[in-house]
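Listing of start05.cif, mmCIF, C-alpha atoms and all ligand atoms
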data_coords
loop_
_atom_site.label_atom_id
_atom_site.label_comp_id
_atom_site.auth_asym_id
_atom_site.auth_seq_id
_atom_site.Cartn_x
_atom_site.Cartn_y
_atom_site.Cartn_z
CA MET T 1 120.20 90.76 -18.03
CA ALA T 2 119.61 87.82 -15.72
CA ILE T 3 118.72 87.21 -12.12
CA ALA T 4 122.19 87.42 -10.69
CA PRO T 5 123.97 86.25 -8.70
CA PHE T 6 121.91 83.08 -8.71
CA LYS T 7 122.50 80.99 -5.59
CA LEU T 8 121.28 77.66 -4.33
CA ARG T 9 120.95 76.35 -0.79
CA CYS T 10 120.48 72.92 0.74
CA ARG T 11 116.89 72.30 1.77
CA TYR T 12 118.04 70.40 4.87
CA CYS T 13 121.13 72.22 6.22
CA ASN T 14 121.00 75.60 4.39
CA GLN T 15 124.52 75.14 2.98
CA PRO T 16 124.91 77.82 0.26
CA VAL T 17 125.91 76.46 -3.15
CA ASP T 18 126.93 78.39 -6.28
CA TRP T 19 125.29 77.88 -9.66
CA PRO T 20 125.95 75.60 -11.44
CA PRO T 21 126.39 73.09 -8.63
CA ALA T 22 129.26 70.60 -8.92
CA GLY T 23 126.85 67.77 -8.15
CA PRO T 24 123.10 67.36 -7.93
CA ARG T 25 122.95 67.26 -4.12
CA CYS T 26 124.30 69.07 -1.04
CA PRO T 27 128.12 68.87 -1.10
CA ARG T 28 128.36 68.11 2.64
CA PRO T 29 129.01 64.34 2.88
CA SER T 30 127.01 64.08 6.09
CA CYS T 31 123.96 65.74 4.49
CA ARG T 32 123.59 65.13 0.72
CA GLY T 33 120.23 66.91 0.89
CA PRO T 34 118.29 68.41 -2.04
CA LEU T 35 119.26 71.81 -3.44
CA GLN T 36 116.83 74.61 -4.19
CA PRO T 37 117.04 78.33 -5.05
CA LYS T 38 118.33 80.41 -2.16
CA ARG T 39 115.69 83.04 -2.84
CA ASN T 40 112.42 82.98 -4.69
CA ILE T 41 112.74 83.89 -8.32
CA ILE T 42 110.64 87.00 -8.91
CA PHE T 43 108.75 86.87 -12.18
CA ASP T 44 109.10 90.05 -14.24
CA VAL T 45 107.13 90.24 -17.47
CA GLY T 46 109.66 92.76 -18.75
CA LEU T 47 112.32 90.03 -18.77
CA ILE T 48 110.46 87.85 -21.27
CA GLU T 49 112.20 87.66 -24.66
CA PRO T 50 109.12 88.09 -26.86
CA ALA T 51 110.87 87.02 -30.06
CA LEU T 52 111.81 83.62 -28.67
CA HIS T 53 109.45 80.65 -28.70
CA GLY T 54 109.30 78.02 -26.00
CA MET T 55 111.32 77.71 -22.84
CA TRP T 56 114.04 80.14 -23.79
CA ARG T 57 111.74 83.15 -23.87
CA TYR T 58 112.09 83.01 -20.07
CA ARG T 59 115.86 82.55 -20.08
CA HIS T 60 116.48 85.74 -18.09
CA MET T 61 114.45 84.30 -15.22
CA LEU T 62 116.27 80.97 -15.27
CA PRO T 63 119.74 80.36 -13.80
CA PRO T 64 122.58 81.81 -15.93
CA LEU T 65 122.96 79.78 -19.10
CA PRO T 66 125.05 80.05 -22.29
CA VAL T 67 124.16 82.84 -24.73
CA HIS T 68 123.60 80.20 -27.43
CA PRO T 69 122.10 77.28 -25.52
CA VAL T 70 121.86 73.74 -26.82
CA THR T 71 118.20 73.31 -27.72
CA LEU T 72 115.81 71.07 -29.61
CA GLY T 73 112.96 73.58 -29.47
CA GLU T 74 111.51 72.44 -26.13
CA GLY T 75 108.63 74.16 -24.40
CA GLY T 76 105.90 76.32 -25.88
CA SER T 77 103.46 73.40 -25.75
CA PRO T 78 99.82 74.14 -26.59
CA LEU T 79 97.19 74.90 -23.95
CA LEU T 80 93.90 73.73 -25.39
CA ALA T 81 90.36 74.22 -24.10
CA VAL T 82 88.25 71.09 -23.98
CA PRO T 83 84.46 71.02 -23.50
CA ASP T 84 83.32 70.28 -19.96
CA SER T 85 80.06 71.30 -18.36
CA ARG T 86 81.62 71.60 -14.93
CA ALA T 87 84.48 74.06 -15.38
CA ARG T 88 86.80 75.72 -17.88
CA VAL T 89 89.12 72.81 -18.62
CA TYR T 90 92.41 73.06 -20.49
CA PHE T 91 94.97 70.44 -21.47
CA LYS T 92 98.62 71.50 -21.35
CA ASN T 93 99.97 69.05 -23.90
CA GLU T 94 103.55 68.39 -22.90
CA SER T 95 103.65 65.26 -25.06
CA LEU T 96 104.50 67.55 -27.99
CA ASN T 97 108.00 68.23 -26.72
CA PRO T 98 110.93 66.98 -28.88
CA THR T 99 111.23 63.54 -27.26
CA GLY T 100 107.56 63.30 -26.34
CA SER T 101 107.52 64.37 -22.71
CA PHE T 102 107.86 67.31 -20.32
CA LYS T 103 111.27 65.98 -19.28
CA ASP T 104 112.80 67.76 -22.27
CA ARG T 105 112.65 71.04 -20.39
CA GLY T 106 114.79 69.67 -17.58
CA ALA T 107 117.21 67.87 -19.88
CA ALA T 108 117.61 71.01 -22.00
CA LEU T 109 118.50 73.09 -18.98
CA LEU T 110 120.94 70.53 -17.57
CA ILE T 111 122.77 69.90 -20.86
CA ASN T 112 123.67 73.59 -20.82
CA THR T 113 125.34 73.33 -17.40
CA ILE T 114 127.70 70.40 -17.92
CA GLY T 115 130.87 72.45 -18.48
CA ASP T 116 133.70 70.31 -19.81
CA ALA T 117 132.05 66.96 -19.13
CA ARG T 118 132.08 64.53 -22.04
CA VAL T 119 129.63 62.00 -20.58
CA VAL T 120 126.21 62.65 -19.02
CA ILE T 121 124.45 59.99 -17.01
CA ASP T 122 121.09 59.53 -15.32
CA ASP T 123 119.04 56.73 -13.82
CA SER T 124 115.64 56.48 -15.45
CA SER T 125 113.08 53.96 -16.55
CA GLY T 126 112.15 55.93 -19.61
CA ASN T 127 111.21 59.50 -20.33
CA ALA T 128 114.03 61.26 -18.47
CA GLY T 129 116.54 58.89 -20.05
CA ALA T 130 115.19 59.51 -23.54
CA ALA T 131 115.28 63.26 -22.98
CA LEU T 132 118.87 63.25 -21.73
CA ALA T 133 119.95 60.94 -24.56
CA ALA T 134 118.47 63.30 -27.13
CA TYR T 135 120.04 66.45 -25.70
CA ALA T 136 123.39 64.69 -25.31
CA ALA T 137 123.22 63.74 -28.99
CA ARG T 138 122.40 67.34 -29.87
CA ALA T 139 125.34 68.59 -27.75
CA GLY T 140 127.76 66.01 -29.10
CA VAL T 141 128.49 64.30 -25.78
CA ALA T 142 127.97 60.70 -24.73
CA ALA T 143 125.00 59.61 -22.62
CA ARG T 144 124.81 56.64 -20.29
CA ILE T 145 121.40 55.70 -18.89
CA TYR T 146 120.99 53.29 -16.00
CA ALA T 147 117.57 51.66 -16.16
CA PRO T 148 115.69 48.95 -14.28
CA LYS T 149 115.61 45.59 -16.05
CA ASP T 150 111.81 45.79 -16.41
CA ALA T 151 111.75 49.26 -18.02
CA PRO T 152 109.25 49.60 -20.91
CA ALA T 153 110.83 48.28 -24.13
CA ALA T 154 109.60 51.17 -26.29
CA LYS T 155 111.25 53.72 -24.01
CA ILE T 156 114.55 51.80 -23.92
CA GLN T 157 114.46 51.61 -27.72
CA GLN T 158 113.99 55.37 -27.93
CA ILE T 159 117.03 55.90 -25.69
CA LEU T 160 119.12 53.53 -27.82
CA HIS T 161 118.06 55.26 -31.05
CA TYR T 162 119.69 58.47 -29.81
CA GLY T 163 122.95 56.56 -29.50
CA ALA T 164 123.05 56.40 -25.71
CA GLN T 165 124.48 53.51 -23.75
CA VAL T 166 121.85 51.72 -21.67
CA ILE T 167 122.89 49.78 -18.59
CA LEU T 168 120.10 47.56 -17.27
CA VAL T 169 120.34 47.07 -13.51
CA PRO T 170 118.58 44.19 -11.73
CA GLY T 171 116.63 44.98 -8.58
CA ASN T 172 114.54 47.94 -7.53
CA ARG T 173 114.82 51.62 -8.48
CA ASP T 174 117.08 52.33 -5.51
CA LYS T 175 119.68 49.91 -6.86
CA VAL T 176 119.54 51.68 -10.23
CA ARG T 177 120.19 55.03 -8.56
CA VAL T 178 123.12 53.66 -6.58
CA ALA T 179 124.64 52.24 -9.78
CA ALA T 180 124.29 55.65 -11.46
CA GLU T 181 125.86 57.46 -8.51
CA GLN T 182 128.80 55.07 -8.57
CA GLY T 183 129.12 55.58 -12.31
CA SER T 184 129.26 59.35 -11.81
CA GLN T 185 132.44 59.10 -9.69
CA GLN T 186 134.65 59.43 -12.78
CA ASP T 187 136.38 62.37 -14.44
CA ASN T 188 134.44 64.21 -17.15
CA VAL T 189 131.17 62.58 -16.10
CA PHE T 190 128.17 64.77 -15.21
CA TYR T 191 125.35 63.22 -13.18
CA ALA T 192 122.30 64.85 -14.77
CA SER T 193 119.92 63.52 -12.14
CA HIS T 194 116.33 64.33 -13.04
CA VAL T 195 115.44 63.51 -9.44
CA HIS T 196 118.01 65.50 -7.52
CA HIS T 197 119.44 68.24 -9.74
CA PRO T 198 117.64 71.52 -8.92
CA GLY T 199 117.98 72.66 -12.54
CA TYR T 200 115.43 70.07 -13.53
CA SER T 201 112.65 71.54 -11.41
CA LEU T 202 113.79 75.08 -12.21
CA ALA T 203 113.11 74.32 -15.87
CA MET T 204 109.60 73.12 -15.00
CA GLN T 205 108.76 76.63 -13.82
CA THR T 206 108.42 77.52 -17.48
CA ILE T 207 105.29 75.35 -17.66
CA ALA T 208 103.63 77.59 -15.05
CA TRP T 209 104.81 80.73 -16.85
CA GLU T 210 103.50 79.48 -20.20
CA ILE T 211 100.11 78.62 -18.67
CA TRP T 212 99.96 82.15 -17.22
CA GLU T 213 100.69 83.70 -20.61
CA GLN T 214 98.36 81.35 -22.50
CA LEU T 215 95.45 82.09 -20.16
CA GLY T 216 95.83 85.80 -20.83
CA ARG T 217 98.20 86.55 -17.98
CA ARG T 218 96.34 84.91 -15.17
CA ALA T 219 96.64 81.71 -13.16
CA PRO T 220 94.14 78.86 -13.24
CA ASP T 221 92.32 77.89 -10.05
CA ALA T 222 93.85 74.42 -10.12
CA VAL T 223 96.50 72.36 -11.90
CA ILE T 224 96.37 68.56 -12.03
CA MET T 225 99.48 66.52 -12.83
CA PRO T 226 101.01 63.07 -12.32
CA ALA T 227 103.64 62.89 -9.57
CA GLY T 228 106.46 60.35 -9.46
CA ASN T 229 109.73 61.86 -8.27
CA GLY T 230 108.12 65.28 -8.02
CA SER T 231 110.29 67.43 -10.32
CA LEU T 232 107.21 68.59 -12.23
CA LEU T 233 105.19 69.24 -9.08
CA ARG T 234 107.97 71.20 -7.38
CA GLY T 235 108.82 73.16 -10.51
CA VAL T 236 105.21 74.14 -11.24
CA ARG T 237 104.88 75.35 -7.66
CA TRP T 238 108.07 77.38 -7.91
CA GLY T 239 106.86 78.86 -11.17
CA PHE T 240 103.52 80.02 -9.80
CA ARG T 241 105.16 81.24 -6.60
CA SER T 242 107.55 83.37 -8.65
CA LEU T 243 104.52 84.83 -10.44
CA GLN T 244 102.98 85.61 -7.06
CA LYS T 245 106.24 87.18 -5.80
CA GLY T 246 106.29 89.28 -8.95
CA LYS T 247 102.69 90.37 -8.25
CA ALA T 248 101.50 88.85 -11.53
CA ILE T 249 98.94 86.65 -9.72
CA PRO T 250 97.15 87.21 -6.40
CA LYS T 251 97.29 83.62 -5.17
CA LEU T 252 98.64 80.20 -6.08
CA PRO T 253 96.53 77.65 -7.92
CA ARG T 254 95.68 74.48 -6.02
CA LEU T 255 98.11 71.76 -7.09
CA TYR T 256 96.73 68.24 -7.38
CA ALA T 257 99.35 65.47 -7.47
CA VAL T 258 98.12 62.20 -8.94
CA GLN T 259 99.61 58.80 -8.26
CA ALA T 260 98.61 55.29 -9.24
CA ALA T 261 96.75 53.49 -6.46
CA HIS T 262 99.23 50.63 -6.87
CA CYS T 263 102.14 52.96 -6.05
CA ALA T 264 101.10 55.96 -3.98
CA PRO T 265 103.90 56.84 -1.54
CA LEU T 266 102.90 60.51 -1.49
CA LEU T 267 99.42 59.60 -0.25
CA ALA T 268 100.98 57.44 2.47
CA PHE T 269 103.37 60.27 3.36
CA SER T 270 100.51 62.78 3.57
CA GLN T 271 98.75 60.48 6.04
CA GLY T 272 101.88 59.93 8.14
CA ALA T 273 101.89 56.29 7.11
CA TYR T 274 105.01 56.19 4.92
CA ARG T 275 108.05 54.17 6.07
CA VAL T 276 110.87 54.17 3.54
CA ASN T 277 111.96 50.59 4.04
CA GLU T 278 108.48 49.19 4.45
CA PHE T 279 106.50 50.88 1.70
CA GLU T 280 105.14 48.29 -0.70
CA ALA T 281 104.02 48.97 -4.25
CA LEU T 282 102.33 46.83 -6.87
CA PRO T 283 103.08 47.01 -10.60
CA THR T 284 101.14 49.71 -12.46
CA VAL T 285 100.51 50.48 -16.11
CA ALA T 286 101.44 54.08 -15.23
CA ASP T 287 105.14 53.22 -15.38
CA GLY T 288 106.24 56.87 -15.27
CA VAL T 289 105.14 57.16 -11.63
CA ALA T 290 106.12 53.64 -10.52
CA ILE T 291 108.51 55.08 -7.96
CA PRO T 292 107.96 53.57 -4.50
CA ASN T 293 110.55 55.68 -2.66
CA PRO T 294 110.79 59.21 -4.08
CA PRO T 295 113.54 60.97 -2.11
CA LEU T 296 111.80 64.38 -1.98
CA LEU T 297 108.44 63.37 -0.51
CA ASP T 298 108.50 66.16 2.07
CA ALA T 299 108.99 68.78 -0.64
CA MET T 300 106.31 67.18 -2.81
CA TRP T 301 103.83 67.17 0.06
CA ALA T 302 104.67 70.80 0.83
CA ALA T 303 103.82 71.75 -2.77
CA VAL T 304 100.39 70.17 -2.39
CA ARG T 305 99.65 71.23 1.17
CA LYS T 306 100.77 74.85 0.85
CA THR T 307 98.55 75.38 -2.19
CA GLN T 308 95.46 73.78 -0.60
CA GLY T 309 95.64 71.03 -3.21
CA ALA T 310 95.36 67.29 -2.67
CA VAL T 311 96.95 63.96 -3.44
CA ILE T 312 94.68 61.89 -5.64
CA VAL T 313 95.10 58.21 -6.41
CA ALA T 314 93.99 56.60 -9.65
CA PRO T 315 92.56 53.08 -9.39
CA GLU T 316 94.48 50.80 -11.74
CA GLU T 317 91.31 49.85 -13.62
CA ASP T 318 90.56 53.51 -14.42
CA ILE T 319 93.89 54.37 -16.06
CA LEU T 320 93.64 52.73 -19.49
CA PRO T 321 89.98 53.74 -19.99
CA ALA T 322 91.04 57.34 -19.25
CA ARG T 323 93.88 57.01 -21.76
CA ASP T 324 91.35 55.75 -24.30
CA ALA T 325 88.95 58.59 -23.52
CA LEU T 326 91.73 61.11 -24.16
CA THR T 327 92.65 59.37 -27.41
CA ALA T 328 89.01 59.57 -28.47
CA MET T 329 89.30 63.36 -28.03
CA GLY T 330 92.42 63.39 -30.22
CA PHE T 331 95.06 63.31 -27.47
CA PHE T 332 97.19 60.16 -27.74
CA VAL T 333 99.10 60.02 -24.47
CA GLU T 334 100.86 57.36 -22.43
CA PRO T 335 99.00 55.79 -19.49
CA THR T 336 100.93 57.87 -16.94
CA ALA T 337 99.66 61.07 -18.56
CA ALA T 338 96.08 59.80 -18.28
CA LEU T 339 96.36 60.01 -14.48
CA SER T 340 95.52 63.71 -14.76
CA TYR T 341 92.23 62.87 -16.43
CA VAL T 342 91.36 60.11 -13.95
CA ALA T 343 91.86 62.65 -11.18
CA TRP T 344 89.78 65.29 -12.93
CA LEU T 345 86.84 62.89 -13.26
CA GLN T 346 87.12 62.24 -9.51
CA ILE T 347 87.14 65.88 -8.40
CA ARG T 348 85.22 67.73 -11.10
CA HIS T 349 82.04 67.81 -9.00
CA THR T 350 83.87 70.14 -6.57
CA PHE T 351 84.39 72.83 -9.25
CA ASP T 352 82.21 75.72 -10.38
CA PRO T 353 81.62 76.67 -14.03
CA ASP T 354 83.57 79.90 -13.64
CA GLN T 355 86.68 78.10 -12.39
CA THR T 356 89.64 77.21 -14.56
CA VAL T 357 91.57 73.96 -14.29
CA VAL T 358 94.62 72.83 -16.25
CA LEU T 359 95.45 69.16 -16.72
CA ILE T 360 99.08 68.48 -17.65
CA LEU T 361 99.42 65.67 -20.21
CA THR T 362 102.98 64.58 -19.56
CA GLY T 363 103.98 62.03 -22.20
CA HIS T 364 103.14 60.78 -25.69
CA GLY T 365 101.28 57.59 -26.51
CA PHE T 366 104.03 56.55 -28.93
CA LYS T 367 106.12 55.74 -25.85
CA THR T 368 104.05 52.72 -24.94
CA ASN T 369 102.56 49.88 -26.91
ZN ZN T 401 122.90 69.93 3.24
#

Go ahead and express the file in the form of structure tokens.
Amino acid sequence: MAIAPFKLRCRYCNQPVDWPPAGPRCPRPSCRGPLQPKRNIIFDVGLIEPALHGMWRYRHMLPPLPVHPVTLGEGGSPLLAVPDSRARVYFKNESLNPTGSFKDRGAALLINTIGDARVVIDDSSGNAGAALAAYAARAGVAARIYAPKDAPAAKIQQILHYGAQVILVPGNRDKVRVAAEQGSQQDNVFYASHVHHPGYSLAMQTIAWEIWEQLGRRAPDAVIMPAGNGSLLRGVRWGFRSLQKGKAIPKLPRLYAVQAAHCAPLLAFSQGAYRVNEFEALPTVADGVAIPNPPLLDAMWAAVRKTQGAVIVAPEEDILPARDALTAMGFFVEPTAALSYVAWLQIRHTFDPDQTVVLILTGHGFKTN
């Protein structure tokens, strides 16, 4: 039994779209807006498959997928309590997914929606590309990843190890996306956009559902996570909202989106100071969120604002020390993942000891040198 019929709609023009969508964005050429579920998914604990581990235990609350999905065992990451005098702090360690980041959930969902396509493509500077390459290898289809010329070498190597083709594109991230969109205009090619495809954020709901189960069927007071293109932020919000709609939680946790101070378009957007063609970013060691022009800023800001959360920026000089502090606790994560901890250190004085906060650690330290 699944939530059926599952429908999408365009966030901008309300155009209804069937699942799975033919492309990642609104089919109307004059719109091309982002797609999202037509109705809230209502969480129902009775739909959990208790015998399944990881993401697929929630398969009946995800869009319709094959009975025997392609999987590498994604999801089911540990939620671990860490000592803190200020609040009940937990790390949700997404670095333990099959390719070392939370992106595996999105790639796993998308690889099961490609139909007859023989080639999957995405534009990515790292983790999303590695995830798609791995799931393509598992499914026996080809992967082509468009990446910026300055993408981290370790992440490109990981993509190549899975047998994917990597096309390095000079210029900024927008040029990489345009190259990928042009490359998707061929037969048998599926554009598995981790930025635009709604399946990606739908998969991220499972992080919220796992946290709820792991905390003994309750929500934390706050969740802190890095935010680049916003698929994690949007998906975690959808997940907790579905729990609220299903009356499993009384209210949503506050969602804190963390960006690097050198590249913080969401902060600028939240202050009404963002101009797409004028926004300037500096290089940051948090390469996973080095995205100056995320296309879904309004949706990202809504996720923060409607949960009474906040946008937090991490000073560049704080990021590697936070990474090192996490490593000293036994958690070897990439610099982008350490943004959650930088943010926690900034806001922990606002918490009470009886409050619960979850920090999402997004990617493994093996991914960077
Ligand atoms: Zn539209």

Please compute the atom CA of T:Ser340-atom CA of T:His194 distance, one decimal, in Å.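 Value for the atom CA of T:Ser340-atom CA of T:His194 distance: 20.9 Å.
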
Which residues of chain T sit at most 6 Å from ligand ZN 401 (chain T), using all atoms listed in the file? Give each one's shortest atom pair and distance in Å (one decimal place), in chain and ascending residue order, as JSON lines.
{"residue": "T:Cys10", "atom": "CA", "partner": "T:ZN401", "partner_atom": "ZN", "distance": 4.6}
{"residue": "T:Tyr12", "atom": "CA", "partner": "T:ZN401", "partner_atom": "ZN", "distance": 5.1}
{"residue": "T:Cys13", "atom": "CA", "partner": "T:ZN401", "partner_atom": "ZN", "distance": 4.2}
{"residue": "T:Gln15", "atom": "CA", "partner": "T:ZN401", "partner_atom": "ZN", "distance": 5.5}
{"residue": "T:Cys26", "atom": "CA", "partner": "T:ZN401", "partner_atom": "ZN", "distance": 4.6}
{"residue": "T:Arg28", "atom": "CA", "partner": "T:ZN401", "partner_atom": "ZN", "distance": 5.8}
{"residue": "T:Cys31", "atom": "CA", "partner": "T:ZN401", "partner_atom": "ZN", "distance": 4.5}
{"residue": "T:Arg32", "atom": "CA", "partner": "T:ZN401", "partner_atom": "ZN", "distance": 5.5}
{"residue": "T:Gly33", "atom": "CA", "partner": "T:ZN401", "partner_atom": "ZN", "distance": 4.7}

Quick one: of T:Phe190, T:Tyr146, T:Tyr341, T:Phe269, who's nearest to T:Val119, counting only C-alpha atoms?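 Using only C-alpha atoms, T:Val119 sits closest to T:Phe190.
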
Please produce, as a tab-separated table, a per-residue contact table for stretch 211-306 of chain T versus stretch 312-317 of chain T (criterion: any atom at most 10 Å away, all atoms listed in the file considered), showing the nearest atom pair and its distance in Å to one decimal, sorted by chain then residue number.
residue	atom	partner	partner_atom	distance
T:Ile224	CA	T:Ile312	CA	9.4
T:Met225	CA	T:Ile312	CA	9.8
T:Pro226	CA	T:Ile312	CA	9.3
T:Ala227	CA	T:Ile312	CA	9.8
T:Tyr256	CA	T:Ile312	CA	6.9
T:Ala257	CA	T:Ile312	CA	6.2
T:Val258	CA	T:Ile312	CA	4.8
T:Gln259	CA	T:Val313	CA	4.9
T:Ala260	CA	T:Ala314	CA	4.8
T:Ala261	CA	T:Val313	CA	5.0
T:His262	CA	T:Glu316	CA	6.8
T:Cys263	CA	T:Val313	CA	8.8
T:Ala264	CA	T:Val313	CA	6.9
T:Leu266	CA	T:Ile312	CA	9.3
T:Leu267	CA	T:Ile312	CA	7.5
T:Pro283	CA	T:Glu316	CA	9.5
T:Thr284	CA	T:Glu316	CA	6.8
T:Val285	CA	T:Glu316	CA	7.5
T:Ala286	CA	T:Glu316	CA	8.4

Could you save those same residues with C-alpha atoms as a PDB file, in the frame of the given file?
ATOM      1  CA  ILE T 224      96.370  68.560 -12.030  1.00  0.00           C
ATOM      2  CA  MET T 225      99.480  66.520 -12.830  1.00  0.00           C
ATOM      3  CA  PRO T 226     101.010  63.070 -12.320  1.00  0.00           C
ATOM      4  CA  ALA T 227     103.640  62.890  -9.570  1.00  0.00           C
ATOM      5  CA  TYR T 256      96.730  68.240  -7.380  1.00  0.00           C
ATOM      6  CA  ALA T 257      99.350  65.470  -7.470  1.00  0.00           C
ATOM      7  CA  VAL T 258      98.120  62.200  -8.940  1.00  0.00           C
ATOM      8  CA  GLN T 259      99.610  58.800  -8.260  1.00  0.00           C
ATOM      9  CA  ALA T 260      98.610  55.290  -9.240  1.00  0.00           C
ATOM     10  CA  ALA T 261      96.750  53.490  -6.460  1.00  0.00           C
ATOM     11  CA  HIS T 262      99.230  50.630  -6.870  1.00  0.00           C
ATOM     12  CA  CYS T 263     102.140  52.960  -6.050  1.00  0.00           C
ATOM     13  CA  ALA T 264     101.100  55.960  -3.980  1.00  0.00           C
ATOM     14  CA  LEU T 266     102.900  60.510  -1.490  1.00  0.00           C
ATOM     15  CA  LEU T 267      99.420  59.600  -0.250  1.00  0.00           C
ATOM     16  CA  PRO T 283     103.080  47.010 -10.600  1.00  0.00           C
ATOM     17  CA  THR T 284     101.140  49.710 -12.460  1.00  0.00           C
ATOM     18  CA  VAL T 285     100.510  50.480 -16.110  1.00  0.00           C
ATOM     19  CA  ALA T 286     101.440  54.080 -15.230  1.00  0.00           C
TER      20      ALA T 286
END

For T:Thr71: contacts at 8 Å, only C-alpha atoms, fewer than 6 positions along chain excluded, given as a VMD selection string: chain T and resid 108 135 138

What's the separation between atom CA of T:Val89 and atom CA of T:Lys306, in Å to one decimal place? 22.8 Å

Write out as a ChimeraX atom specification each polymer residue whose atoms come within 12 Å of T:Phe43, counting only C-alpha atoms; drop sequence neighbours fewer than 2 positions from it. /T:2-3,40-41,45-48,58-62,205-206,208-209,212,238-249

Shell of 12 Å around T:Ala299, all atoms listed in the file, local chain residues under 3 positions omitted, as a PyMOL selection string: chain T and resi 11-12+33-36+196+201+227+229-235+237-238+266+269-270+294-296+302-306

Write to file, as a PDB file, in the coordinates of the input, the residues of the selection just made, with C-alpha atoms.
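Just written: part-v2.pdb:
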ATOM      1  CA  ARG T  11     116.890  72.300   1.770  1.00  0.00           C
ATOM      2  CA  TYR T  12     118.040  70.400   4.870  1.00  0.00           C
ATOM      3  CA  GLY T  33     120.230  66.910   0.890  1.00  0.00           C
ATOM      4  CA  PRO T  34     118.290  68.410  -2.040  1.00  0.00           C
ATOM      5  CA  LEU T  35     119.260  71.810  -3.440  1.00  0.00           C
ATOM      6  CA  GLN T  36     116.830  74.610  -4.190  1.00  0.00           C
ATOM      7  CA  HIS T 196     118.010  65.500  -7.520  1.00  0.00           C
ATOM      8  CA  SER T 201     112.650  71.540 -11.410  1.00  0.00           C
ATOM      9  CA  ALA T 227     103.640  62.890  -9.570  1.00  0.00           C
ATOM     10  CA  ASN T 229     109.730  61.860  -8.270  1.00  0.00           C
ATOM     11  CA  GLY T 230     108.120  65.280  -8.020  1.00  0.00           C
ATOM     12  CA  SER T 231     110.290  67.430 -10.320  1.00  0.00           C
ATOM     13  CA  LEU T 232     107.210  68.590 -12.230  1.00  0.00           C
ATOM     14  CA  LEU T 233     105.190  69.240  -9.080  1.00  0.00           C
ATOM     15  CA  ARG T 234     107.970  71.200  -7.380  1.00  0.00           C
ATOM     16  CA  GLY T 235     108.820  73.160 -10.510  1.00  0.00           C
ATOM     17  CA  ARG T 237     104.880  75.350  -7.660  1.00  0.00           C
ATOM     18  CA  TRP T 238     108.070  77.380  -7.910  1.00  0.00           C
ATOM     19  CA  LEU T 266     102.900  60.510  -1.490  1.00  0.00           C
ATOM     20  CA  PHE T 269     103.370  60.270   3.360  1.00  0.00           C
ATOM     21  CA  SER T 270     100.510  62.780   3.570  1.00  0.00           C
ATOM     22  CA  PRO T 294     110.790  59.210  -4.080  1.00  0.00           C
ATOM     23  CA  PRO T 295     113.540  60.970  -2.110  1.00  0.00           C
ATOM     24  CA  LEU T 296     111.800  64.380  -1.980  1.00  0.00           C
ATOM     25  CA  ALA T 302     104.670  70.800   0.830  1.00  0.00           C
ATOM     26  CA  ALA T 303     103.820  71.750  -2.770  1.00  0.00           C
ATOM     27  CA  VAL T 304     100.390  70.170  -2.390  1.00  0.00           C
ATOM     28  CA  ARG T 305      99.650  71.230   1.170  1.00  0.00           C
ATOM     29  CA  LYS T 306     100.770  74.850   0.850  1.00  0.00           C
TER      30      LYS T 306
END

Distance cut-off 8 Å, centre (118.8, 65.3, -27.1) in file coordinates, counting only C-alpha atoms: which residues qualify? Return them as a list of chain:residue names.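 The requested residues, written out, are T:Leu72, T:Thr99, T:Ala107, T:Ala108, T:Ala130, T:Ala131, T:Leu132, T:Ala133, T:Ala134, T:Tyr135, T:Ala136, T:Ala137, T:Arg138, T:Ala139, T:Tyr162.
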
Suppose you want the space between atom CA of T:Val176 and atom CA of T:Val120; what is it in Å?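 Result for atom CA of T:Val176 versus atom CA of T:Val120: 15.6 Å, one decimal.
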
Which residue, T:Leu79, T:Ala219, T:Met204, T:Leu297, has the smallest gap to T:Leu96 when you use all atoms listed in the file?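 Of the candidates, the smallest distance to T:Leu96 is held by T:Leu79.
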
Pull the closest atom pair for each residue of stretch 196-260 of chain T that gets at most 8 Å from stretch 345-358 of chain T, along with the distance in Å to one decimal, counting only C-alpha atoms, ordering rows by chain and then ascending residue number, as a tab-separated table.
residue	atom	partner	partner_atom	distance
T:Pro220	CA	T:Thr356	CA	5.0
T:Asp221	CA	T:Thr356	CA	5.3
T:Ala222	CA	T:Val357	CA	4.8
T:Val223	CA	T:Val358	CA	4.8
T:Ile224	CA	T:Val358	CA	6.3

Restricting the calculation to only C-alpha atoms, which member of T:Gly100, T:Ala147, T:Asp324, T:Asp123 is positioned closest to T:Ser184? T:Asp123

Pick out the closest residue to T:Leu361 from this set: T:Val333, T:Ile167, T:Leu202, T:Val342. Count all atoms listed in the file.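 Of T:Val333, T:Ile167, T:Leu202, T:Val342, the one nearest T:Leu361, counting all atoms listed in the file, is T:Val333.
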
Which residues are near T:Leu65? Cut-off 10 Å, all atoms listed in the file, ignore same chain within fewer than 2 positions. Put them as a list of chain:residue names.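 The residues satisfying every condition are T:Ala2, T:Trp19, T:Pro20, T:Arg59, T:His60, T:Leu62, T:Pro63, T:Val67, T:His68, T:Pro69, T:Val70, T:Leu109, T:Leu110, T:Asn112, T:Thr113.
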
Store the residues picked out above in a file with C-alpha atoms, as a short mmCIF file (atom, residue, chain, number, x, y, z; two decimals), in the frame of the given file.
data_model
loop_
_atom_site.label_atom_id
_atom_site.label_comp_id
_atom_site.auth_asym_id
_atom_site.auth_seq_id
_atom_site.Cartn_x
_atom_site.Cartn_y
_atom_site.Cartn_z
CA ALA T 2 119.61 87.82 -15.72
CA TRP T 19 125.29 77.88 -9.66
CA PRO T 20 125.95 75.60 -11.44
CA ARG T 59 115.86 82.55 -20.08
CA HIS T 60 116.48 85.74 -18.09
CA LEU T 62 116.27 80.97 -15.27
CA PRO T 63 119.74 80.36 -13.80
CA VAL T 67 124.16 82.84 -24.73
CA HIS T 68 123.60 80.20 -27.43
CA PRO T 69 122.10 77.28 -25.52
CA VAL T 70 121.86 73.74 -26.82
CA LEU T 109 118.50 73.09 -18.98
CA LEU T 110 120.94 70.53 -17.57
CA ASN T 112 123.67 73.59 -20.82
CA THR T 113 125.34 73.33 -17.40
#
